[in-house]
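So this block is data-v3.cif, mmCIF, C-alpha atoms and all ligand atoms:
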data_final
loop_
_atom_site.group_PDB
_atom_site.id
_atom_site.type_symbol
_atom_site.label_atom_id
_atom_site.label_comp_id
_atom_site.auth_asym_id
_atom_site.auth_seq_id
_atom_site.Cartn_x
_atom_site.Cartn_y
_atom_site.Cartn_z
ATOM 1 C CA MET S 386 3.278 41.887 -22.204
ATOM 2 C CA GLY S 387 1.082 44.881 -21.984
ATOM 3 C CA THR S 388 3.927 47.219 -21.251
ATOM 4 C CA ALA S 389 4.799 48.395 -24.711
ATOM 5 C CA GLY S 390 1.594 50.374 -25.047
ATOM 6 C CA ALA S 391 2.128 52.025 -21.734
ATOM 7 C CA GLU S 392 5.674 53.065 -22.465
ATOM 8 C CA GLY S 393 6.171 56.766 -22.060
ATOM 9 C CA LYS S 394 2.961 57.417 -20.223
ATOM 10 C CA ALA S 395 3.405 54.834 -17.580
ATOM 11 C CA ASP S 396 2.004 56.960 -14.838
ATOM 12 C CA ALA S 397 -0.733 58.867 -16.567
ATOM 13 C CA GLU S 398 -3.370 57.084 -14.533
ATOM 14 C CA GLY S 399 -1.531 57.545 -11.292
ATOM 15 C CA LYS S 400 -2.631 61.032 -10.383
ATOM 16 C CA ASP S 401 -5.355 59.728 -8.150
ATOM 17 C CA GLY S 402 -7.597 62.666 -8.772
ATOM 18 C CA CYS S 403 -5.109 65.115 -7.390
ATOM 19 C CA GLY S 404 -6.278 67.713 -9.836
ATOM 20 C CA GLN S 405 -2.928 68.692 -11.298
ATOM 21 C CA GLY S 406 -2.617 67.844 -14.927
ATOM 22 C CA ALA S 407 -0.574 68.912 -17.826
ATOM 23 C CA ALA S 408 0.802 71.891 -15.942
ATOM 24 C CA ALA S 409 2.231 69.721 -13.246
ATOM 25 C CA ARG S 410 3.696 67.384 -15.790
ATOM 26 C CA ALA S 411 5.400 70.172 -17.660
ATOM 27 C CA ALA S 412 6.824 71.480 -14.438
ATOM 28 C CA HIS S 413 8.306 68.111 -13.495
ATOM 29 C CA PRO S 414 7.472 68.172 -9.828
ATOM 30 C CA ARG S 415 9.509 65.870 -7.654
ATOM 31 C CA ASP S 416 6.621 63.841 -6.445
ATOM 32 C CA ALA S 417 2.911 63.388 -6.857
ATOM 33 C CA GLY S 418 0.686 66.433 -6.895
ATOM 34 C CA GLY S 419 -1.434 65.248 -4.010
ATOM 35 C CA GLU S 420 -0.402 67.338 -1.049
ATOM 36 C CA LEU S 421 -1.114 66.614 2.558
ATOM 37 C CA SER S 422 -4.074 68.507 3.901
ATOM 38 C CA ARG S 423 -3.544 70.933 6.744
ATOM 39 C CA GLY S 424 -5.404 68.517 8.996
ATOM 40 C CA GLN S 425 -3.069 65.695 8.109
ATOM 41 C CA VAL S 426 -0.022 67.863 8.714
ATOM 42 C CA VAL S 427 -1.302 69.027 12.084
ATOM 43 C CA ALA S 428 -2.027 65.412 13.022
ATOM 44 C CA MET S 429 1.422 64.232 11.922
ATOM 45 C CA LEU S 430 3.253 66.994 13.785
ATOM 46 C CA GLY S 431 1.076 66.388 16.842
ATOM 47 C CA ASP S 432 1.783 62.690 16.716
ATOM 48 C CA LEU S 433 5.510 63.362 16.653
ATOM 49 C CA ARG S 434 5.349 65.763 19.608
ATOM 50 C CA ARG S 435 3.215 63.333 21.586
ATOM 51 C CA THR S 436 5.470 60.382 20.842
ATOM 52 C CA LEU S 437 8.586 62.340 21.803
ATOM 53 C CA ARG S 438 6.987 63.472 25.042
ATOM 54 C CA GLU S 439 5.897 59.963 25.944
ATOM 55 C CA ARG S 440 9.242 58.374 25.152
ATOM 56 C CA TYR S 441 11.740 61.078 26.061
ATOM 57 C CA GLY S 442 9.895 63.460 28.343
ATOM 58 C CA THR S 443 10.028 66.437 25.998
ATOM 59 C CA ALA S 444 8.342 67.421 22.773
ATOM 60 C CA ASP S 445 10.860 70.195 22.174
ATOM 61 C CA GLU S 446 13.178 69.011 19.409
ATOM 62 C CA ALA S 447 16.052 71.283 20.410
ATOM 63 C CA ARG S 448 15.850 70.120 24.005
ATOM 64 C CA PHE S 449 15.569 66.508 22.905
ATOM 65 C CA ASP S 450 18.625 66.988 20.723
ATOM 66 C CA ALA S 451 20.614 68.575 23.527
ATOM 67 C CA GLY S 452 19.617 65.774 25.856
ATOM 68 C CA ARG S 453 21.241 63.091 23.759
ATOM 69 C CA SER S 454 24.451 61.621 25.087
ATOM 70 C CA ASP S 455 27.771 62.980 23.836
ATOM 71 C CA GLU S 456 28.387 59.708 22.115
ATOM 72 C CA ALA S 457 25.034 59.745 20.340
ATOM 73 C CA ARG S 458 25.734 63.265 19.183
ATOM 74 C CA ARG S 459 29.171 62.404 17.872
ATOM 75 C CA ARG S 460 28.069 59.264 16.132
ATOM 76 C CA ALA S 461 26.245 59.568 12.842
ATOM 77 C CA LEU S 462 23.014 57.724 12.474
ATOM 78 C CA VAL S 463 23.760 55.141 9.792
ATOM 79 C CA VAL S 464 20.764 53.959 7.780
ATOM 80 C CA PRO S 465 21.079 50.580 6.057
ATOM 81 C CA VAL S 466 19.726 50.785 2.508
ATOM 82 C CA ARG S 467 18.167 47.868 0.692
ATOM 83 C CA PHE S 468 18.326 48.914 -2.935
ATOM 84 C CA HIS S 469 15.762 47.194 -5.152
ATOM 85 C CA VAL S 470 16.205 47.749 -8.874
ATOM 86 C CA LEU S 471 13.157 46.998 -11.017
ATOM 87 C CA ALA S 472 13.836 46.449 -14.705
ATOM 88 C CA ALA S 473 12.230 45.462 -17.989
ATOM 89 C CA GLY S 474 14.978 43.670 -19.804
ATOM 90 C CA ARG S 475 17.791 46.159 -20.112
ATOM 91 C CA ALA S 476 15.601 49.145 -19.302
ATOM 92 C CA GLY S 477 16.073 50.360 -15.758
ATOM 93 C CA ARG S 478 18.801 47.834 -14.988
ATOM 94 C CA LEU S 479 21.022 50.013 -12.819
ATOM 95 C CA SER S 480 24.509 48.755 -12.129
ATOM 96 C CA ARG S 481 25.916 48.351 -8.670
ATOM 97 C CA ALA S 482 28.241 51.248 -9.507
ATOM 98 C CA ALA S 483 25.256 53.510 -10.253
ATOM 99 C CA VAL S 484 23.688 52.484 -6.972
ATOM 100 C CA ARG S 485 26.903 53.229 -5.087
ATOM 101 C CA SER S 486 27.038 56.623 -6.718
ATOM 102 C CA GLN S 487 23.508 57.325 -5.444
ATOM 103 C CA ILE S 488 24.541 56.309 -1.929
ATOM 104 C CA ALA S 489 27.549 58.642 -2.129
ATOM 105 C CA THR S 490 25.246 61.472 -3.217
ATOM 106 C CA LEU S 491 22.973 60.822 -0.257
ATOM 107 C CA ASN S 492 25.914 60.956 2.104
ATOM 108 C CA ALA S 493 27.188 64.203 0.619
ATOM 109 C CA ALA S 494 23.764 65.843 0.883
ATOM 110 C CA TYR S 495 22.900 64.651 4.387
ATOM 111 C CA SER S 496 26.338 65.509 5.788
ATOM 112 C CA GLY S 497 26.209 69.113 4.586
ATOM 113 C CA ARG S 498 28.986 68.677 2.054
ATOM 114 C CA THR S 499 26.813 70.230 -0.668
ATOM 115 C CA GLY S 500 25.855 73.103 1.655
ATOM 116 C CA GLY S 501 23.673 73.715 4.669
ATOM 117 C CA ALA S 502 23.604 71.644 7.833
ATOM 118 C CA ASP S 503 24.954 68.226 8.654
ATOM 119 C CA THR S 504 21.838 66.244 9.547
ATOM 120 C CA GLY S 505 23.899 63.575 11.284
ATOM 121 C CA VAL S 506 22.489 60.888 8.975
ATOM 122 C CA ARG S 507 24.556 58.619 6.745
ATOM 123 C CA PHE S 508 23.616 55.766 4.445
ATOM 124 C CA ARG S 509 25.181 52.361 3.918
ATOM 125 C CA LEU S 510 24.345 49.993 1.091
ATOM 126 C CA ALA S 511 23.072 46.838 2.784
ATOM 127 C CA GLY S 512 21.558 45.027 -0.174
ATOM 128 C CA TYR S 513 21.238 45.261 -3.937
ATOM 129 C CA ASP S 514 18.888 43.199 -6.053
ATOM 130 C CA VAL S 515 17.498 43.391 -9.564
ATOM 131 C CA THR S 516 13.995 42.200 -10.445
ATOM 132 C CA ASN S 517 13.158 41.835 -14.104
ATOM 133 C CA LYS S 518 9.413 42.377 -14.309
ATOM 134 C CA ALA S 519 8.085 44.724 -16.949
ATOM 135 C CA ALA S 520 4.731 45.430 -15.316
ATOM 136 C CA TRP S 521 6.304 46.330 -11.973
ATOM 137 C CA PHE S 522 8.931 48.433 -13.683
ATOM 138 C CA SER S 523 6.399 50.392 -15.743
ATOM 139 C CA HIS S 524 3.676 50.749 -13.092
ATOM 140 C CA PRO S 525 5.408 50.915 -9.739
ATOM 141 C CA ARG S 526 2.572 52.761 -8.037
ATOM 142 C CA LYS S 527 -0.123 50.432 -9.248
ATOM 143 C CA TYR S 528 1.902 47.405 -8.138
ATOM 144 C CA GLN S 529 3.602 48.875 -5.098
ATOM 145 C CA GLY S 530 1.736 46.582 -2.714
ATOM 146 C CA VAL S 531 2.926 43.383 -4.335
ATOM 147 C CA ILE S 532 6.377 44.809 -5.082
ATOM 148 C CA LYS S 533 6.935 45.710 -1.449
ATOM 149 C CA ARG S 534 5.486 42.442 -0.186
ATOM 150 C CA LYS S 535 7.980 40.539 -2.304
ATOM 151 C CA LEU S 536 11.091 42.667 -1.963
ATOM 152 C CA ARG S 537 10.970 44.610 1.282
ATOM 153 C CA ARG S 538 13.565 43.620 3.896
ATOM 154 C CA GLY S 539 14.405 44.733 7.427
ATOM 155 C CA GLY S 540 12.411 46.701 9.962
ATOM 156 C CA ARG S 541 11.502 50.256 10.748
ATOM 157 C CA GLY S 542 15.108 51.432 10.615
ATOM 158 C CA THR S 543 15.917 49.960 7.202
ATOM 159 C CA LEU S 544 15.410 52.071 4.124
ATOM 160 C CA ASN S 545 13.933 50.098 1.253
ATOM 161 C CA LEU S 546 14.640 52.093 -1.878
ATOM 162 C CA TYR S 547 13.101 51.019 -5.179
ATOM 163 C CA THR S 548 13.888 52.294 -8.663
ATOM 164 C CA ALA S 549 11.473 52.011 -11.580
ATOM 165 C CA ALA S 550 9.921 54.045 -14.391
ATOM 166 C CA VAL S 551 7.893 56.132 -12.003
ATOM 167 C CA GLY S 552 6.591 58.302 -14.799
ATOM 168 C CA SER S 553 6.891 61.436 -16.795
ATOM 169 C CA ASP S 554 5.027 63.698 -14.388
ATOM 170 C CA VAL S 555 6.409 62.538 -11.081
ATOM 171 C CA LEU S 556 9.906 61.631 -9.979
ATOM 172 C CA GLY S 557 9.265 59.574 -6.895
ATOM 173 C CA PHE S 558 7.126 58.887 -3.868
ATOM 174 C CA SER S 559 7.618 57.980 -0.252
ATOM 175 C CA THR S 560 5.937 57.072 2.986
ATOM 176 C CA PHE S 561 6.295 59.055 6.219
ATOM 177 C CA PRO S 562 7.619 57.620 9.495
ATOM 178 C CA GLN S 563 4.287 58.406 11.150
ATOM 179 C CA TRP S 564 2.689 55.843 8.852
ATOM 180 C CA TYR S 565 4.923 52.964 9.875
ATOM 181 C CA ARG S 566 2.818 51.781 12.790
ATOM 182 C CA ARG S 567 -0.239 51.420 10.634
ATOM 183 C CA SER S 568 1.363 50.295 7.409
ATOM 184 C CA PRO S 569 4.796 48.792 8.068
ATOM 185 C CA ARG S 570 4.889 46.758 4.909
ATOM 186 C CA MET S 571 4.337 49.769 2.700
ATOM 187 C CA ASP S 572 7.249 51.630 4.255
ATOM 188 C CA GLY S 573 9.822 52.818 1.747
ATOM 189 C CA VAL S 574 10.795 55.101 -1.112
ATOM 190 C CA VAL S 575 10.311 54.696 -4.865
ATOM 191 C CA ILE S 576 12.229 56.871 -7.317
ATOM 192 C CA ASP S 577 12.589 57.066 -11.062
ATOM 193 C CA TYR S 578 15.675 55.174 -12.276
ATOM 194 C CA ARG S 579 16.539 58.113 -14.566
ATOM 195 C CA SER S 580 16.937 60.468 -11.600
ATOM 196 C CA LEU S 581 20.124 58.859 -10.295
ATOM 197 C CA PRO S 582 23.471 60.661 -10.747
ATOM 198 C CA HIS S 583 24.224 60.814 -14.494
ATOM 199 C CA GLY S 584 20.742 59.504 -15.295
ATOM 200 C CA SER S 585 18.805 60.551 -18.368
ATOM 201 C CA TYR S 586 16.250 62.795 -16.650
ATOM 202 C CA ARG S 587 17.148 66.265 -17.830
ATOM 203 C CA ARG S 588 17.633 68.706 -14.942
ATOM 204 C CA PHE S 589 16.827 66.010 -12.417
ATOM 205 C CA ASN S 590 19.781 63.678 -12.742
ATOM 206 C CA ARG S 591 22.103 64.485 -9.882
ATOM 207 C CA GLY S 592 20.513 62.011 -7.522
ATOM 208 C CA TYR S 593 18.599 64.613 -5.541
ATOM 209 C CA THR S 594 15.221 63.007 -6.118
ATOM 210 C CA ALA S 595 16.379 60.285 -3.736
ATOM 211 C CA VAL S 596 17.646 62.942 -1.311
ATOM 212 C CA HIS S 597 14.236 64.660 -1.383
ATOM 213 C CA GLU S 598 12.098 61.524 -1.111
ATOM 214 C CA ILE S 599 14.224 60.095 1.680
ATOM 215 C CA GLY S 600 13.723 63.427 3.431
ATOM 216 C CA HIS S 601 10.024 62.523 3.566
ATOM 217 C CA TRP S 602 10.867 59.012 4.755
ATOM 218 C CA LEU S 603 12.875 60.628 7.559
ATOM 219 C CA GLY S 604 9.987 62.905 8.538
ATOM 220 C CA LEU S 605 10.422 66.125 6.549
ATOM 221 C CA LEU S 606 7.604 67.935 4.767
ATOM 222 C CA HIS S 607 7.908 70.223 1.756
ATOM 223 C CA THR S 608 9.218 73.690 2.561
ATOM 224 C CA PHE S 609 6.111 75.044 0.791
ATOM 225 C CA GLN S 610 3.735 72.839 2.775
ATOM 226 C CA GLY S 611 0.600 74.832 3.529
ATOM 227 C CA GLY S 612 1.870 77.939 1.736
ATOM 228 C CA CYS S 613 1.972 80.959 4.048
ATOM 229 C CA THR S 614 -0.390 79.322 6.552
ATOM 230 C CA PRO S 615 0.927 77.947 9.843
ATOM 231 C CA PRO S 616 2.213 75.452 10.689
ATOM 232 C CA GLY S 617 3.818 75.226 7.225
ATOM 233 C CA ASP S 618 6.333 72.394 7.405
ATOM 234 C CA GLY S 619 6.573 72.788 11.176
ATOM 235 C CA VAL S 620 10.303 73.591 11.022
ATOM 236 C CA SER S 621 11.270 76.980 12.434
ATOM 237 C CA ASP S 622 14.220 77.811 10.171
ATOM 238 C CA THR S 623 12.620 77.070 6.784
ATOM 239 C CA PRO S 624 10.722 80.291 5.990
ATOM 240 C CA TYR S 625 7.140 80.127 4.766
ATOM 241 C CA GLU S 626 6.737 79.842 1.028
ATOM 242 C CA ALA S 627 3.536 80.348 -0.970
ATOM 243 C CA SER S 628 4.341 77.853 -3.700
ATOM 244 C CA PRO S 629 7.099 75.474 -4.802
ATOM 245 C CA ALA S 630 10.241 76.789 -6.445
ATOM 246 C CA GLN S 631 10.132 75.923 -10.128
ATOM 247 C CA GLY S 632 13.343 75.711 -12.066
ATOM 248 C CA CYS S 633 15.868 77.779 -10.149
ATOM 249 C CA PRO S 634 14.706 81.226 -9.087
ATOM 250 C CA ASP S 635 17.480 83.525 -7.875
ATOM 251 C CA TYR S 636 15.290 84.942 -5.197
ATOM 252 C CA LYS S 637 11.726 84.614 -3.990
ATOM 253 C CA ASP S 638 9.953 86.023 -0.956
ATOM 254 C CA SER S 639 6.364 84.980 -1.334
ATOM 255 C CA CYS S 640 4.976 85.166 2.209
ATOM 256 C CA PRO S 641 4.501 88.037 4.673
ATOM 257 C CA GLN S 642 6.375 86.154 7.391
ATOM 258 C CA ARG S 643 10.082 86.718 7.910
ATOM 259 C CA GLY S 644 12.625 85.180 5.600
ATOM 260 C CA ASP S 645 13.182 84.597 1.899
ATOM 261 C CA ASP S 646 11.836 81.427 0.313
ATOM 262 C CA PRO S 647 14.202 78.490 0.826
ATOM 263 C CA VAL S 648 14.648 77.941 -2.903
ATOM 264 C CA HIS S 649 17.821 75.877 -2.491
ATOM 265 C CA ASN S 650 16.404 73.499 0.054
ATOM 266 C CA PHE S 651 16.289 69.796 -0.787
ATOM 267 C CA MET S 652 12.638 69.702 0.300
ATOM 268 C CA ASN S 653 11.651 72.196 -2.374
ATOM 269 C CA TYR S 654 10.935 71.435 -6.050
ATOM 270 C CA GLY S 655 13.780 73.207 -7.850
ATOM 271 C CA PHE S 656 16.037 71.634 -10.443
ATOM 272 C CA ASP S 657 18.756 69.400 -9.055
ATOM 273 C CA SER S 658 21.294 72.094 -9.944
ATOM 274 C CA CYS S 659 19.372 74.440 -7.639
ATOM 275 C CA MET S 660 19.227 72.222 -4.569
ATOM 276 C CA ARG S 661 21.953 71.995 -2.030
ATOM 277 C CA GLU S 662 20.899 72.178 1.593
ATOM 278 C CA PHE S 663 19.023 71.089 4.651
ATOM 279 C CA THR S 664 18.674 73.482 7.590
ATOM 280 C CA PRO S 665 19.731 72.795 11.204
ATOM 281 C CA GLY S 666 16.027 72.643 12.105
ATOM 282 C CA GLN S 667 15.414 69.977 9.482
ATOM 283 C CA GLY S 668 18.324 68.024 10.940
ATOM 284 C CA ARG S 669 16.728 68.224 14.392
ATOM 285 C CA ARG S 670 13.385 67.146 12.945
ATOM 286 C CA ILE S 671 15.020 64.127 11.290
ATOM 287 C CA ARG S 672 16.793 63.057 14.481
ATOM 288 C CA ALA S 673 13.635 63.518 16.540
ATOM 289 C CA ALA S 674 11.484 61.584 14.065
ATOM 290 C CA TRP S 675 14.088 58.835 13.972
ATOM 291 C CA ALA S 676 14.051 58.545 17.749
ATOM 292 C CA ALA S 677 10.256 58.563 17.790
ATOM 293 C CA TYR S 678 9.571 56.131 14.983
ATOM 294 C CA ARG S 679 12.604 54.348 13.588
ATOM 295 C CA ALA S 680 15.184 53.806 16.328
ATOM 296 C CA ALA S 681 15.930 50.248 17.444
ATOM 297 C CA GLY S 682 14.215 48.927 20.534
ATOM 298 C CA HIS S 683 10.718 50.154 19.807
ATOM 299 C CA GLY S 684 7.737 47.858 19.673
ATOM 300 C CA HIS S 685 8.534 46.013 22.899
ATOM 301 C CA GLY S 686 6.887 46.090 26.277
ATOM 302 C CA ARG S 687 5.978 49.550 27.395
ATOM 303 C CA GLY S 688 6.807 50.990 24.055
ATOM 304 C CA ARG S 689 4.354 48.761 22.305
ATOM 305 C CA ALA S 690 1.517 49.606 24.656
ATOM 306 C CA ARG S 691 2.217 53.266 24.085
ATOM 307 C CA GLU S 692 2.327 52.758 20.367
ATOM 308 C CA ARG S 693 -1.009 51.067 20.354
ATOM 309 C CA GLY S 694 -2.469 53.847 22.414
ATOM 310 C CA SER S 695 -1.444 56.509 19.968
ATOM 311 C CA VAL S 696 -2.255 54.825 16.695
ATOM 312 C CA ASP S 697 -5.749 56.125 16.284
ATOM 313 C CA ARG S 698 -4.914 59.595 17.422
ATOM 314 C CA GLY S 699 -2.074 59.647 14.950
ATOM 315 C CA THR S 700 -1.951 60.227 11.264
ATOM 316 C CA GLY S 701 -5.535 59.142 10.753
ATOM 317 C CA GLY S 702 -7.183 57.098 8.064
ATOM 318 C CA ALA S 703 -6.595 59.435 5.186
ATOM 319 C CA GLY S 704 -2.864 59.403 5.694
ATOM 320 C CA ALA S 705 -2.710 55.670 5.899
ATOM 321 C CA ALA S 706 -4.757 55.321 2.757
ATOM 322 C CA ARG S 707 -2.415 57.670 0.959
ATOM 323 C CA SER S 708 0.512 55.511 1.862
ATOM 324 C CA VAL S 709 -1.112 52.729 -0.113
ATOM 325 C CA GLY S 710 -2.589 54.467 -3.116
ATOM 326 C CA GLY S 711 -1.135 57.921 -3.161
ATOM 327 C CA ALA S 712 2.300 59.345 -3.488
ATOM 328 C CA ARG S 713 4.257 62.436 -2.927
HETATM 329 ZN ZN ZN R 801 8.203 65.688 -1.946
#
Please express what this file holds, its structure, as structure tokens.
Amino acid sequence: MGTAGAEGKADAEGKDGCGQGAAARAAHPRDAGGELSRGQVVAMLGDLRRTLRERYGTADEARFDAGRSDEARRRALVVPVRFHVLAAGRAGRLSRAAVRSQIATLNAAYSGRTGGADTGVRFRLAGYDVTNKAAWFSHPRKYQGVIKRKLRRGGRGTLNLYTAAVGSDVLGFSTFPQWYRRSPRMDGVVIDYRSLPHGSYRRFNRGYTAVHEIGHWLGLLHTFQGGCTPPGDGVSDTPYEASPAQGCPDYKDSCPQRGDDPVHNFMNYGFDSCMREFTPGQGRRIRAAWAAYRAAGHGHGRGRARERGSVDRGTGGAGAARSVGGAR
């Protein structure tokens, strides 16, 4: 009940005052218009550096990466995925085959098989369930608290991936690893069911919405984060970019700093046909954020005391609140 009227504009109320409107909708951005403030970004990057330093003795991601054992470097980091399909009758009811195809797409993208760097991350389907609930399916942001309370499984290293009718203006939303300490139960990624490989979302149906949103879940920011203003996305080999790529520009160089805009990067906003790569620096960021926030063995003894000590200096209240109500 109540869903028929909302059909087709399921997410119109979900902008949360982000101030983008029809223009954003027409442009089909990947995720919600609300961007992180510079203060939030600085706090998140600082939290990562501090956590790395406390746990591993260095905040330098390249040095941290080099310091890993040979075995750790050889072995891919395999993320178990709990795939939660929300449906309203037949609508949204993705088959196990569709889900497997999405997992294969993730593995191709994160291993560098589509282009760019191998991030060292792989994904393994660890659970598949279908929940037939029209309200949840049509309003996944409004109900995300109850949805996640009911369906979420595993700990900080398990990816809970939900599909639903996210909306016509936004393709998905995610939490960041920095938010886990404060909001573990909200951890996860929600994407539109039409964005999967061979889905019905025109120009966004190669499964790269999941690749992009999971990039956030793994600690990546948008390549256009902060425009031309430092620290941008905090990754050294993704050049500064004044604004998101729309569609698929051949070439863009929108900032005075060195380097052309990374229009083909998965953390940009181009069409799926335009996206193909992560950079080596993004791979290092992912591995560092994993070690800091999602690796097994955290939350015990010394680690827990350290965690508690850094919570309030971390992402701050605004970020935590966004993980509940907002989206990106
Ligand atoms: Zn995004």
Hey, which residues sit close to ligand ZN 801 (chain R)? Say within 8 Å, counting only C-alpha atoms and all ligand atoms, and write them as a short mmCIF file (atom, residue, chain, number, x, y, z; two decimals) with C-alpha atoms, in the frame of the given file.
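Saved to out36.cif:
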data_model
loop_
_atom_site.label_atom_id
_atom_site.label_comp_id
_atom_site.auth_asym_id
_atom_site.auth_seq_id
_atom_site.Cartn_x
_atom_site.Cartn_y
_atom_site.Cartn_z
CA ARG S 415 9.51 65.87 -7.65
CA ASP S 416 6.62 63.84 -6.44
CA ALA S 417 2.91 63.39 -6.86
CA GLY S 557 9.26 59.57 -6.90
CA PHE S 558 7.13 58.89 -3.87
CA SER S 559 7.62 57.98 -0.25
CA HIS S 597 14.24 64.66 -1.38
CA GLU S 598 12.10 61.52 -1.11
CA HIS S 601 10.02 62.52 3.57
CA LEU S 606 7.60 67.94 4.77
CA HIS S 607 7.91 70.22 1.76
CA MET S 652 12.64 69.70 0.30
CA ASN S 653 11.65 72.20 -2.37
CA TYR S 654 10.94 71.44 -6.05
CA ARG S 713 4.26 62.44 -2.93
#
Non-local contacts of Gly542 (chain S) (8 Å; all atoms listed in the file; under 2 positions in same chain excluded) as a PDB file with C-alpha atoms, keeping the file's coordinate frame:
ATOM      1  CA  VAL S 464      20.764  53.959   7.780  1.00  0.00           C
ATOM      2  CA  PRO S 465      21.079  50.580   6.057  1.00  0.00           C
ATOM      3  CA  GLY S 539      14.405  44.733   7.427  1.00  0.00           C
ATOM      4  CA  GLY S 540      12.411  46.701   9.962  1.00  0.00           C
ATOM      5  CA  LEU S 544      15.410  52.071   4.124  1.00  0.00           C
ATOM      6  CA  ARG S 679      12.604  54.348  13.588  1.00  0.00           C
ATOM      7  CA  ALA S 680      15.184  53.806  16.328  1.00  0.00           C
ATOM      8  CA  ALA S 681      15.930  50.248  17.444  1.00  0.00           C
TER       9      ALA S 681
END
Query raised in the report: Which residue out of S:Cys640, S:Ala472, S:Ala677, S:Val515 has the minimum interatomic distance to Val551 (chain S) when all atoms listed in the file are used?
Result: S:Ala472
Query - Result set, the PyMOL selection byres (((chain S and resi 623) around 12) and not hetatm) on current file, as a PyMOL selection string - result: chain S and resi 501+605-610+612-613+616-622+624-626+642-653+662-668+670
Report summary line: What separates CA of Asn545 (chain S) and CA of Thr499 (chain S) is a distance of 24.0 Å
Query raised in the report: What is the distance between CA of Arg661 (chain S) and CA of Arg509 (chain S), in Å to one decimal?
Result: 20.8 Å
Query raised in the report: For this file, the PyMOL selection byres (((chain S and resi 434) around 10) and not hetatm) selects which residues, as number ranges by chain?
Result: S: 428-433, 435-439, 443-446, 673-674, 677
Report task. Quick one: everything within 12 Å of Arg541 (chain S), counting only C-alpha atoms, minus sequence neighbours fewer than 4 positions away in the same chain. Send it as a PyMOL selection string. Result -> chain S and resi 464-466+537+545+560-573+602-603+674-684
